[in-house]
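See below for query_38.tsv, which holds TSV, C-alpha atoms.
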chain	number	residue	atom	x	y	z
A	30	MET	CA	22.01	-35.75	-1.27
A	31	PRO	CA	18.42	-35.99	-2.56
A	32	THR	CA	16.83	-32.87	-4.02
A	33	THR	CA	13.62	-31.62	-2.47
A	34	THR	CA	11.02	-29.45	-4.19
A	35	ASP	CA	9.42	-26.59	-2.29
A	36	GLN	CA	5.68	-27.05	-2.75
A	37	THR	CA	4.99	-23.59	-1.33
A	38	ALA	CA	7.09	-21.46	-3.63
A	39	SER	CA	7.32	-17.77	-2.92
A	40	PRO	CA	5.33	-15.44	-5.19
A	41	ALA	CA	7.05	-13.64	-8.00
A	42	LEU	CA	9.27	-10.71	-7.07
A	43	PRO	CA	9.95	-7.38	-8.77
A	44	PRO	CA	13.16	-7.36	-10.79
A	45	VAL	CA	16.30	-6.29	-8.93
A	46	THR	CA	18.17	-3.37	-10.42
A	47	ASP	CA	20.82	-0.79	-9.56
A	48	PRO	CA	19.94	2.40	-7.63
A	49	GLU	CA	20.27	4.63	-10.69
A	50	THR	CA	17.83	2.58	-12.76
A	51	TRP	CA	15.43	2.36	-9.82
A	52	GLN	CA	15.49	6.15	-9.39
A	53	ARG	CA	14.90	6.68	-13.11
A	54	GLU	CA	11.87	4.37	-13.07
A	55	LEU	CA	10.54	6.05	-9.93
A	56	ASN	CA	10.94	9.49	-11.53
A	57	ALA	CA	8.92	8.34	-14.53
A	58	LEU	CA	6.16	7.08	-12.25
A	59	ARG	CA	6.33	10.28	-10.21
A	60	MET	CA	5.42	12.29	-13.30
A	61	ARG	CA	2.16	10.32	-13.59
A	62	GLU	CA	1.52	10.61	-9.85
A	63	LYS	CA	1.92	14.38	-9.99
A	64	ALA	CA	-0.39	14.57	-13.01
A	65	ALA	CA	-2.99	12.58	-11.05
A	66	THR	CA	-2.59	14.93	-8.09
A	67	ARG	CA	-3.17	17.95	-10.32
A	68	GLU	CA	-6.25	16.28	-11.78
A	69	LEU	CA	-7.59	15.61	-8.28
A	70	ASP	CA	-7.00	19.29	-7.47
A	71	ALA	CA	-9.00	20.25	-10.55
A	72	ILE	CA	-11.80	17.84	-9.57
A	73	ALA	CA	-11.87	19.34	-6.07
A	74	ALA	CA	-12.11	22.82	-7.60
A	75	GLN	CA	-15.08	21.70	-9.69
A	76	ARG	CA	-16.65	20.11	-6.60
A	77	ARG	CA	-16.42	23.44	-4.77
A	78	ARG	CA	-18.42	24.99	-7.61
A	79	LEU	CA	-21.28	22.49	-7.53
A	80	PRO	CA	-24.77	23.85	-6.88
A	81	MET	CA	-26.62	22.54	-3.84
A	82	VAL	CA	-30.09	21.27	-2.98
A	83	GLU	CA	-32.16	22.57	-0.07
A	84	LEU	CA	-33.35	19.83	2.29
A	85	PRO	CA	-36.46	19.61	4.46
A	86	ALA	CA	-36.29	19.52	8.25
A	87	TYR	CA	-35.63	15.81	8.82
A	88	THR	CA	-35.92	14.26	12.26
A	89	LEU	CA	-33.49	11.43	13.10
A	90	GLN	CA	-32.81	9.46	16.27
A	91	GLY	CA	-29.74	10.04	18.38
A	92	PRO	CA	-28.41	8.43	21.56
A	93	HIS	CA	-30.65	10.64	23.68
A	94	GLY	CA	-33.76	10.81	21.52
A	95	PRO	CA	-35.02	12.68	18.44
A	96	VAL	CA	-32.64	15.10	16.75
A	97	SER	CA	-32.97	17.30	13.71
A	98	LEU	CA	-30.63	17.17	10.74
A	99	ILE	CA	-29.39	20.57	11.87
A	100	ASP	CA	-28.48	19.03	15.24
A	101	LEU	CA	-26.07	16.66	13.48
A	102	PHE	CA	-23.93	19.66	12.52
A	103	ASP	CA	-23.39	20.33	16.26
A	104	GLY	CA	-22.80	24.00	15.56
A	105	ALA	CA	-20.53	23.46	12.55
A	106	SER	CA	-21.43	24.76	9.10
A	107	GLN	CA	-20.41	21.61	7.21
A	108	LEU	CA	-21.25	17.95	7.73
A	109	ILE	CA	-20.11	14.62	6.26
A	110	THR	CA	-22.31	11.57	6.76
A	111	TYR	CA	-21.40	7.97	6.07
A	112	HIS	CA	-24.54	5.89	5.56
A	113	HIS	CA	-23.80	2.46	7.00
A	114	MET	CA	-25.67	-0.46	5.41
A	115	TRP	CA	-28.07	-2.20	7.78
A	116	PHE	CA	-29.60	-5.68	7.67
A	117	PRO	CA	-32.58	-6.10	10.02
A	118	ASP	CA	-32.36	-8.95	12.54
A	119	SER	CA	-28.71	-9.60	11.66
A	120	GLU	CA	-26.03	-10.08	14.31
A	121	TRP	CA	-23.27	-8.78	12.05
A	122	GLN	CA	-23.74	-5.88	9.69
A	123	CYS	CA	-21.99	-5.18	6.39
A	124	GLY	CA	-18.31	-6.09	6.71
A	125	GLY	CA	-17.26	-3.45	4.20
A	126	CYS	CA	-19.08	-0.67	6.07
A	127	THR	CA	-17.89	-1.93	9.43
A	128	SER	CA	-14.30	-2.10	8.26
A	129	TYR	CA	-14.45	1.21	6.41
A	130	THR	CA	-15.77	3.16	9.39
A	131	ALA	CA	-13.37	1.42	11.80
A	132	GLN	CA	-10.45	3.31	10.26
A	133	PHE	CA	-11.74	6.65	11.56
A	134	THR	CA	-10.88	7.13	15.23
A	135	ARG	CA	-9.96	10.81	15.47
A	136	THR	CA	-11.99	13.23	13.37
A	137	ASP	CA	-11.96	16.27	15.65
A	138	PHE	CA	-9.44	17.85	13.28
A	139	LEU	CA	-12.48	18.68	11.14
A	140	ARG	CA	-13.46	21.26	13.75
A	141	LYS	CA	-10.62	23.43	12.46
A	142	TYR	CA	-12.47	23.39	9.13
A	143	ASP	CA	-15.87	24.08	10.73
A	144	ALA	CA	-17.05	20.54	9.94
A	145	ARG	CA	-18.16	17.27	11.52
A	146	PHE	CA	-18.26	13.59	10.42
A	147	VAL	CA	-20.92	11.14	11.67
A	148	ILE	CA	-22.43	7.74	10.88
A	149	VAL	CA	-26.07	7.38	9.86
A	150	THR	CA	-27.82	4.03	9.47
A	151	GLN	CA	-31.29	2.67	8.78
A	152	GLY	CA	-31.08	0.49	11.89
A	153	PRO	CA	-33.05	1.40	15.04
A	154	ILE	CA	-30.89	3.61	17.24
A	155	GLU	CA	-30.70	1.14	20.14
A	156	GLU	CA	-29.53	-1.66	17.85
A	157	ALA	CA	-27.15	0.67	16.03
A	158	LEU	CA	-25.51	1.84	19.27
A	159	THR	CA	-25.20	-1.75	20.50
A	160	TYR	CA	-23.50	-2.74	17.26
A	161	ARG	CA	-21.25	0.33	17.42
A	162	LYS	CA	-20.01	-0.77	20.83
A	163	LYS	CA	-19.57	-4.40	19.78
A	164	VAL	CA	-17.27	-3.54	16.89
A	165	GLY	CA	-15.43	-0.78	18.77
A	166	ASN	CA	-16.51	2.05	16.49
A	167	GLN	CA	-15.57	5.48	17.86
A	168	LEU	CA	-17.73	7.76	15.73
A	169	ASP	CA	-21.10	9.30	16.60
A	170	TRP	CA	-24.04	7.29	15.24
A	171	TYR	CA	-27.57	8.35	14.32
A	172	SER	CA	-30.56	6.46	12.98
A	173	THR	CA	-32.70	7.49	10.02
A	174	ALA	CA	-35.26	4.77	10.78
A	175	GLY	CA	-38.70	6.33	10.45
A	176	SER	CA	-37.27	9.23	8.43
A	177	ASP	CA	-36.94	9.74	4.68
A	178	PHE	CA	-33.47	11.22	5.14
A	179	GLY	CA	-31.50	8.12	4.15
A	180	ALA	CA	-33.72	7.32	1.17
A	181	ASP	CA	-33.54	10.91	-0.07
A	182	VAL	CA	-29.73	10.97	-0.06
A	183	GLY	CA	-29.01	7.65	-1.75
A	184	ALA	CA	-29.16	5.20	1.19
A	185	PRO	CA	-32.71	3.78	1.41
A	186	PRO	CA	-33.75	0.88	3.65
A	187	GLY	CA	-32.22	-2.28	2.23
A	188	GLY	CA	-29.95	-0.19	0.02
A	189	GLY	CA	-26.22	0.29	-0.12
A	190	PHE	CA	-23.80	2.64	1.57
A	191	ALA	CA	-23.20	6.26	0.66
A	192	LEU	CA	-21.24	9.36	1.54
A	193	ASN	CA	-22.96	12.73	1.62
A	194	VAL	CA	-21.80	16.23	2.38
A	195	PHE	CA	-24.01	19.06	3.62
A	196	LEU	CA	-23.76	22.78	4.21
A	197	ARG	CA	-25.76	24.65	6.84
A	198	ASP	CA	-26.97	28.20	6.54
A	199	GLY	CA	-28.71	29.08	9.78
A	200	GLU	CA	-31.46	26.50	10.31
A	201	THR	CA	-31.45	25.30	6.70
A	202	ALA	CA	-29.35	22.38	5.44
A	203	TYR	CA	-28.25	21.84	1.85
A	204	ARG	CA	-26.87	18.75	0.14
A	205	THR	CA	-23.64	19.59	-1.71
A	206	TRP	CA	-21.98	16.29	-2.69
A	207	HIS	CA	-22.60	12.54	-2.81
A	208	SER	CA	-20.67	9.41	-3.68
A	209	ASP	CA	-20.96	5.65	-3.29
A	210	GLY	CA	-19.21	2.51	-4.53
A	211	ARG	CA	-15.51	3.00	-5.17
A	212	GLY	CA	-16.04	6.75	-5.04
A	213	THR	CA	-15.75	6.47	-1.26
A	214	GLU	CA	-12.16	5.23	-1.47
A	215	GLN	CA	-10.80	8.76	-1.70
A	216	LEU	CA	-12.16	9.39	1.80
A	217	SER	CA	-10.15	6.59	3.36
A	218	HIS	CA	-6.60	5.58	4.10
A	219	THR	CA	-7.08	1.81	3.93
A	220	PHE	CA	-6.82	1.37	0.18
A	221	PRO	CA	-4.21	4.09	-0.42
A	222	PHE	CA	-1.95	2.25	2.05
A	223	VAL	CA	-2.55	-1.11	0.41
A	224	ASP	CA	-2.13	0.30	-3.10
A	225	VAL	CA	1.47	1.39	-2.43
A	226	LEU	CA	2.47	-2.13	-1.34
A	227	PRO	CA	4.46	-4.12	-3.93
A	228	TYR	CA	1.63	-6.65	-4.33
A	229	GLY	CA	-1.20	-4.12	-4.01
A	230	ARG	CA	-4.67	-5.38	-3.14
A	231	GLN	CA	-3.95	-8.80	-4.65
A	232	GLU	CA	-7.43	-8.89	-6.17
A	233	ALA	CA	-7.89	-10.73	-9.45
A	234	TRP	CA	-9.46	-7.77	-11.27
A	235	GLN	CA	-6.36	-5.62	-10.86
A	236	ASP	CA	-3.66	-5.26	-13.51
A	237	SER	CA	-0.66	-6.96	-11.87
A	238	PRO	CA	2.51	-8.55	-13.27
A	239	GLU	CA	2.51	-12.24	-14.09
A	240	GLY	CA	2.93	-14.41	-10.99
A	241	TRP	CA	1.79	-11.75	-8.51
A	242	PRO	CA	-0.32	-13.21	-5.67
A	243	GLN	CA	-4.00	-12.75	-6.43
A	244	SER	CA	-7.26	-13.74	-4.81
A	245	GLU	CA	-10.94	-13.06	-5.19
A	246	THR	CA	-12.29	-9.56	-4.61
A	247	TYR	CA	-12.96	-8.86	-0.91
A	248	ASP	CA	-10.77	-11.77	0.31
A	249	GLY	CA	-8.43	-9.31	2.00
A	250	TRP	CA	-11.15	-7.23	3.57
A	251	LEU	CA	-11.89	-7.52	7.27
A	252	SER	CA	-15.16	-9.14	8.24
A	253	SER	CA	-17.36	-7.56	10.91
A	254	GLU	CA	-16.28	-10.31	13.31
A	255	GLU	CA	-12.62	-9.53	12.64
A	256	VAL	CA	-13.21	-5.82	13.23
A	257	ALA	CA	-14.86	-6.63	16.55
A	258	ALA	CA	-11.96	-8.89	17.51
A	259	LEU	CA	-9.44	-6.17	16.68
A	260	TYR	CA	-11.20	-3.10	18.09
A	261	GLY	CA	-14.20	-4.21	20.15
A	262	PRO	CA	-14.50	-4.38	23.94
A	263	ARG	CA	-12.84	-7.81	24.05
A	264	ALA	CA	-9.93	-6.85	21.82
A	265	ARG	CA	-6.50	-7.39	23.28

The structure in this file should be written as structure tokens.
Amino acid sequence: MPTTTDQTASPALPPVTDPETWQRELNALRMREKAATRELDAIAAQRRRLPMVELPAYTLQGPHGPVSLIDLFDGASQLITYHHMWFPDSEWQCGGCTSYTAQFTRTDFLRKYDARFVIVTQGPIEEALTYRKKVGNQLDWYSTAGSDFGADVGAPPGGGFALNVFLRDGETAYRTWHSDGRGTEQLSHTFPFVDVLPYGRQEAWQDSPEGWPQSETYDGWLSSEEVAALYGPRAR
């Protein structure tokens, strides 16, 4: 019988071992995971001790007209804003931002912590709300178009995305924390899920064993069109 060669060979696999060896290796990894958890606890403790910056009385645009920054708190004392990148006159906005914000569908649990989470973008409010509906986003959106708010907190027109946290004392808002780039990963579940998979993110920059499947950075990310197909009004 002739021998055939599989031209689509499976990717490399982790070595197979006995349960005792597997548990020993897992225990060794667990020590590092626990150390990382303790370090994150220490970082959070330092974050709670950060000073804050008083902010002016910004006016943004909401679904029903002008709103103040204080209005975004909706009675809560704490507020998280994700600043969604916006490209004028573009049908599809940033795929990373669209995908990142699509993962949040139920954030009312923050009310137990006297907090709220909303989306802010440089796009005009009508366009922003239309895009929100098209991609099936379930968060509350506001526009900083015509306001210096976005530019003052690290998300200017034509700029990148950002996460900001604010504290309200009466009618005065303070900025307490900010992050962008990969710093936003800790406020997500997408990458933590992918990172525990045997092959991880499969991006070429990552340290993976020889033979692990790898691709270019962002290849595995959802595009805005894919987000709309999965979660938008026409999703199945």

Counting all atoms listed in the file, I want the residues whose atoms come within 12 Å of (-25.3, 9.6, 15.5) in the file frame, returned as a PDB file with C-alpha atoms, in the frame of the given file.
ATOM      1  CA  LEU A  89     -33.490  11.430  13.100  1.00  0.00           C
ATOM      2  CA  GLN A  90     -32.810   9.460  16.270  1.00  0.00           C
ATOM      3  CA  GLY A  91     -29.740  10.040  18.380  1.00  0.00           C
ATOM      4  CA  PRO A  92     -28.410   8.430  21.560  1.00  0.00           C
ATOM      5  CA  HIS A  93     -30.650  10.640  23.680  1.00  0.00           C
ATOM      6  CA  GLY A  94     -33.760  10.810  21.520  1.00  0.00           C
ATOM      7  CA  PRO A  95     -35.020  12.680  18.440  1.00  0.00           C
ATOM      8  CA  VAL A  96     -32.640  15.100  16.750  1.00  0.00           C
ATOM      9  CA  SER A  97     -32.970  17.300  13.710  1.00  0.00           C
ATOM     10  CA  LEU A  98     -30.630  17.170  10.740  1.00  0.00           C
ATOM     11  CA  ASP A 100     -28.480  19.030  15.240  1.00  0.00           C
ATOM     12  CA  LEU A 101     -26.070  16.660  13.480  1.00  0.00           C
ATOM     13  CA  PHE A 102     -23.930  19.660  12.520  1.00  0.00           C
ATOM     14  CA  ASP A 103     -23.390  20.330  16.260  1.00  0.00           C
ATOM     15  CA  ILE A 109     -20.110  14.620   6.260  1.00  0.00           C
ATOM     16  CA  THR A 110     -22.310  11.570   6.760  1.00  0.00           C
ATOM     17  CA  TYR A 111     -21.400   7.970   6.070  1.00  0.00           C
ATOM     18  CA  HIS A 112     -24.540   5.890   5.560  1.00  0.00           C
ATOM     19  CA  HIS A 113     -23.800   2.460   7.000  1.00  0.00           C
ATOM     20  CA  ARG A 145     -18.160  17.270  11.520  1.00  0.00           C
ATOM     21  CA  PHE A 146     -18.260  13.590  10.420  1.00  0.00           C
ATOM     22  CA  VAL A 147     -20.920  11.140  11.670  1.00  0.00           C
ATOM     23  CA  ILE A 148     -22.430   7.740  10.880  1.00  0.00           C
ATOM     24  CA  VAL A 149     -26.070   7.380   9.860  1.00  0.00           C
ATOM     25  CA  THR A 150     -27.820   4.030   9.470  1.00  0.00           C
ATOM     26  CA  GLN A 151     -31.290   2.670   8.780  1.00  0.00           C
ATOM     27  CA  GLY A 152     -31.080   0.490  11.890  1.00  0.00           C
ATOM     28  CA  PRO A 153     -33.050   1.400  15.040  1.00  0.00           C
ATOM     29  CA  ILE A 154     -30.890   3.610  17.240  1.00  0.00           C
ATOM     30  CA  GLU A 155     -30.700   1.140  20.140  1.00  0.00           C
ATOM     31  CA  ALA A 157     -27.150   0.670  16.030  1.00  0.00           C
ATOM     32  CA  LEU A 158     -25.510   1.840  19.270  1.00  0.00           C
ATOM     33  CA  ARG A 161     -21.250   0.330  17.420  1.00  0.00           C
ATOM     34  CA  ASN A 166     -16.510   2.050  16.490  1.00  0.00           C
ATOM     35  CA  GLN A 167     -15.570   5.480  17.860  1.00  0.00           C
ATOM     36  CA  LEU A 168     -17.730   7.760  15.730  1.00  0.00           C
ATOM     37  CA  ASP A 169     -21.100   9.300  16.600  1.00  0.00           C
ATOM     38  CA  TRP A 170     -24.040   7.290  15.240  1.00  0.00           C
ATOM     39  CA  TYR A 171     -27.570   8.350  14.320  1.00  0.00           C
ATOM     40  CA  SER A 172     -30.560   6.460  12.980  1.00  0.00           C
ATOM     41  CA  THR A 173     -32.700   7.490  10.020  1.00  0.00           C
TER      42      THR A 173
END

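Between CA of Trp234 in chain A and CA of Glu214 in chain A lies a distance of 16.5 Å.
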
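For the choices A:Leu108, A:Leu42, A:Met60, A:Val256, the atom-to-atom distance to Tyr203 in chain A is smallest for A:Leu108 when using all atoms listed in the file.
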
field: All residues 12 Å or closer to Gln235 in chain A, only C-alpha atoms, same chain fewer than 6 positions away omitted, as a PyMOL selection string
entry: chain A and resi 224+228-229+241-246

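When CA of Ala144 in chain A is paired with CA of Gln107 in chain A, their separation reads 4.5 Å.
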
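Of the residues listed (A:Phe133, A:Gly249, A:Trp206, A:Asn56), A:Trp206 shows the shortest atom-to-atom separation from Leu79 in chain A; distances use all atoms listed in the file.
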
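Note that the spacing between CA of Tyr247 in chain A and CA of His207 in chain A amounts to 23.5 Å.
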
task: Pick out the residues sitting within 12 Å of Gln75 in chain A, and hand them over as a list in words; count only C-alpha atoms, and ignore anything fewer than 6 positions along from it in its own chain.
output: Glu68, Leu69, Thr205 and Trp206 of chain A

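You can rank A:Ala57, A:Ser39, A:Gly240, A:Thr219 by their closest distance to Ala131 in chain A using all atoms listed in the file, and at the top of that list sits A:Thr219.
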
- request: Could you tell me which of A:Pro186, A:Ile99, A:Leu196, A:Cys126 comes closest to Asp143 in chain A if we count only C-alpha atoms?
  value: A:Leu196

query: Using only C-alpha atoms, which of A:Gly189, A:Pro43, A:Tyr142, A:Tyr87 sits nearest Pro227 in chain A?
result: A:Pro43

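Shortest separation to Ala105 in chain A among A:Leu139, A:Ala64, A:Thr213, A:Asp177 occurs at residue A:Leu139, atoms counted being all atoms listed in the file.
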
Could I see range 126-143 of chain A restored to N, CA and C atoms, set down as an mmCIF file, in the coordinates of the input?
data_model
loop_
_atom_site.group_PDB
_atom_site.id
_atom_site.type_symbol
_atom_site.label_atom_id
_atom_site.label_comp_id
_atom_site.auth_asym_id
_atom_site.auth_seq_id
_atom_site.Cartn_x
_atom_site.Cartn_y
_atom_site.Cartn_z
ATOM 1 N N CYS A 126 -18.756 -1.889 5.328
ATOM 2 C CA CYS A 126 -19.080 -0.670 6.070
ATOM 3 C C CYS A 126 -18.424 -0.670 7.445
ATOM 4 N N THR A 127 -18.469 -1.826 8.092
ATOM 5 C CA THR A 127 -17.890 -1.930 9.430
ATOM 6 C C THR A 127 -16.393 -1.695 9.393
ATOM 7 N N SER A 128 -15.740 -2.277 8.407
ATOM 8 C CA SER A 128 -14.300 -2.100 8.260
ATOM 9 C C SER A 128 -13.951 -0.676 7.841
ATOM 10 N N TYR A 129 -14.719 -0.133 6.903
ATOM 11 C CA TYR A 129 -14.450 1.210 6.410
ATOM 12 C C TYR A 129 -14.530 2.239 7.533
ATOM 13 N N THR A 130 -15.587 2.165 8.334
ATOM 14 C CA THR A 130 -15.770 3.160 9.390
ATOM 15 C C THR A 130 -14.835 2.930 10.573
ATOM 16 N N ALA A 131 -14.287 1.708 10.699
ATOM 17 C CA ALA A 131 -13.370 1.420 11.800
ATOM 18 C C ALA A 131 -12.063 2.191 11.674
ATOM 19 N N GLN A 132 -11.728 2.627 10.456
ATOM 20 C CA GLN A 132 -10.450 3.310 10.260
ATOM 21 C C GLN A 132 -10.455 4.732 10.801
ATOM 22 N N PHE A 133 -11.641 5.273 11.077
ATOM 23 C CA PHE A 133 -11.740 6.650 11.560
ATOM 24 C C PHE A 133 -11.870 6.659 13.075
ATOM 25 N N THR A 134 -10.845 7.099 13.761
ATOM 26 C CA THR A 134 -10.880 7.130 15.230
ATOM 27 C C THR A 134 -10.724 8.541 15.778
ATOM 28 N N ARG A 135 -10.148 9.426 15.017
ATOM 29 C CA ARG A 135 -9.960 10.810 15.470
ATOM 30 C C ARG A 135 -10.339 11.746 14.327
ATOM 31 N N THR A 136 -11.524 12.329 14.423
ATOM 32 C CA THR A 136 -11.990 13.230 13.370
ATOM 33 C C THR A 136 -12.217 14.648 13.878
ATOM 34 N N ASP A 137 -11.776 14.929 15.100
ATOM 35 C CA ASP A 137 -11.960 16.270 15.650
ATOM 36 C C ASP A 137 -11.149 17.324 14.885
ATOM 37 N N PHE A 138 -10.186 16.886 14.086
ATOM 38 C CA PHE A 138 -9.440 17.850 13.280
ATOM 39 C C PHE A 138 -10.367 18.603 12.320
ATOM 40 N N LEU A 139 -11.527 18.007 12.020
ATOM 41 C CA LEU A 139 -12.480 18.680 11.140
ATOM 42 C C LEU A 139 -13.034 19.957 11.759
ATOM 43 N N ARG A 140 -12.972 20.052 13.088
ATOM 44 C CA ARG A 140 -13.460 21.260 13.750
ATOM 45 C C ARG A 140 -12.689 22.499 13.290
ATOM 46 N N LYS A 141 -11.416 22.322 12.963
ATOM 47 C CA LYS A 141 -10.620 23.430 12.460
ATOM 48 C C LYS A 141 -11.146 23.921 11.106
ATOM 49 N N TYR A 142 -11.893 23.046 10.427
ATOM 50 C CA TYR A 142 -12.470 23.390 9.130
ATOM 51 C C TYR A 142 -13.976 23.637 9.242
ATOM 52 N N ASP A 143 -14.451 23.806 10.481
ATOM 53 C CA ASP A 143 -15.870 24.080 10.730
ATOM 54 C C ASP A 143 -16.741 22.950 10.182
#
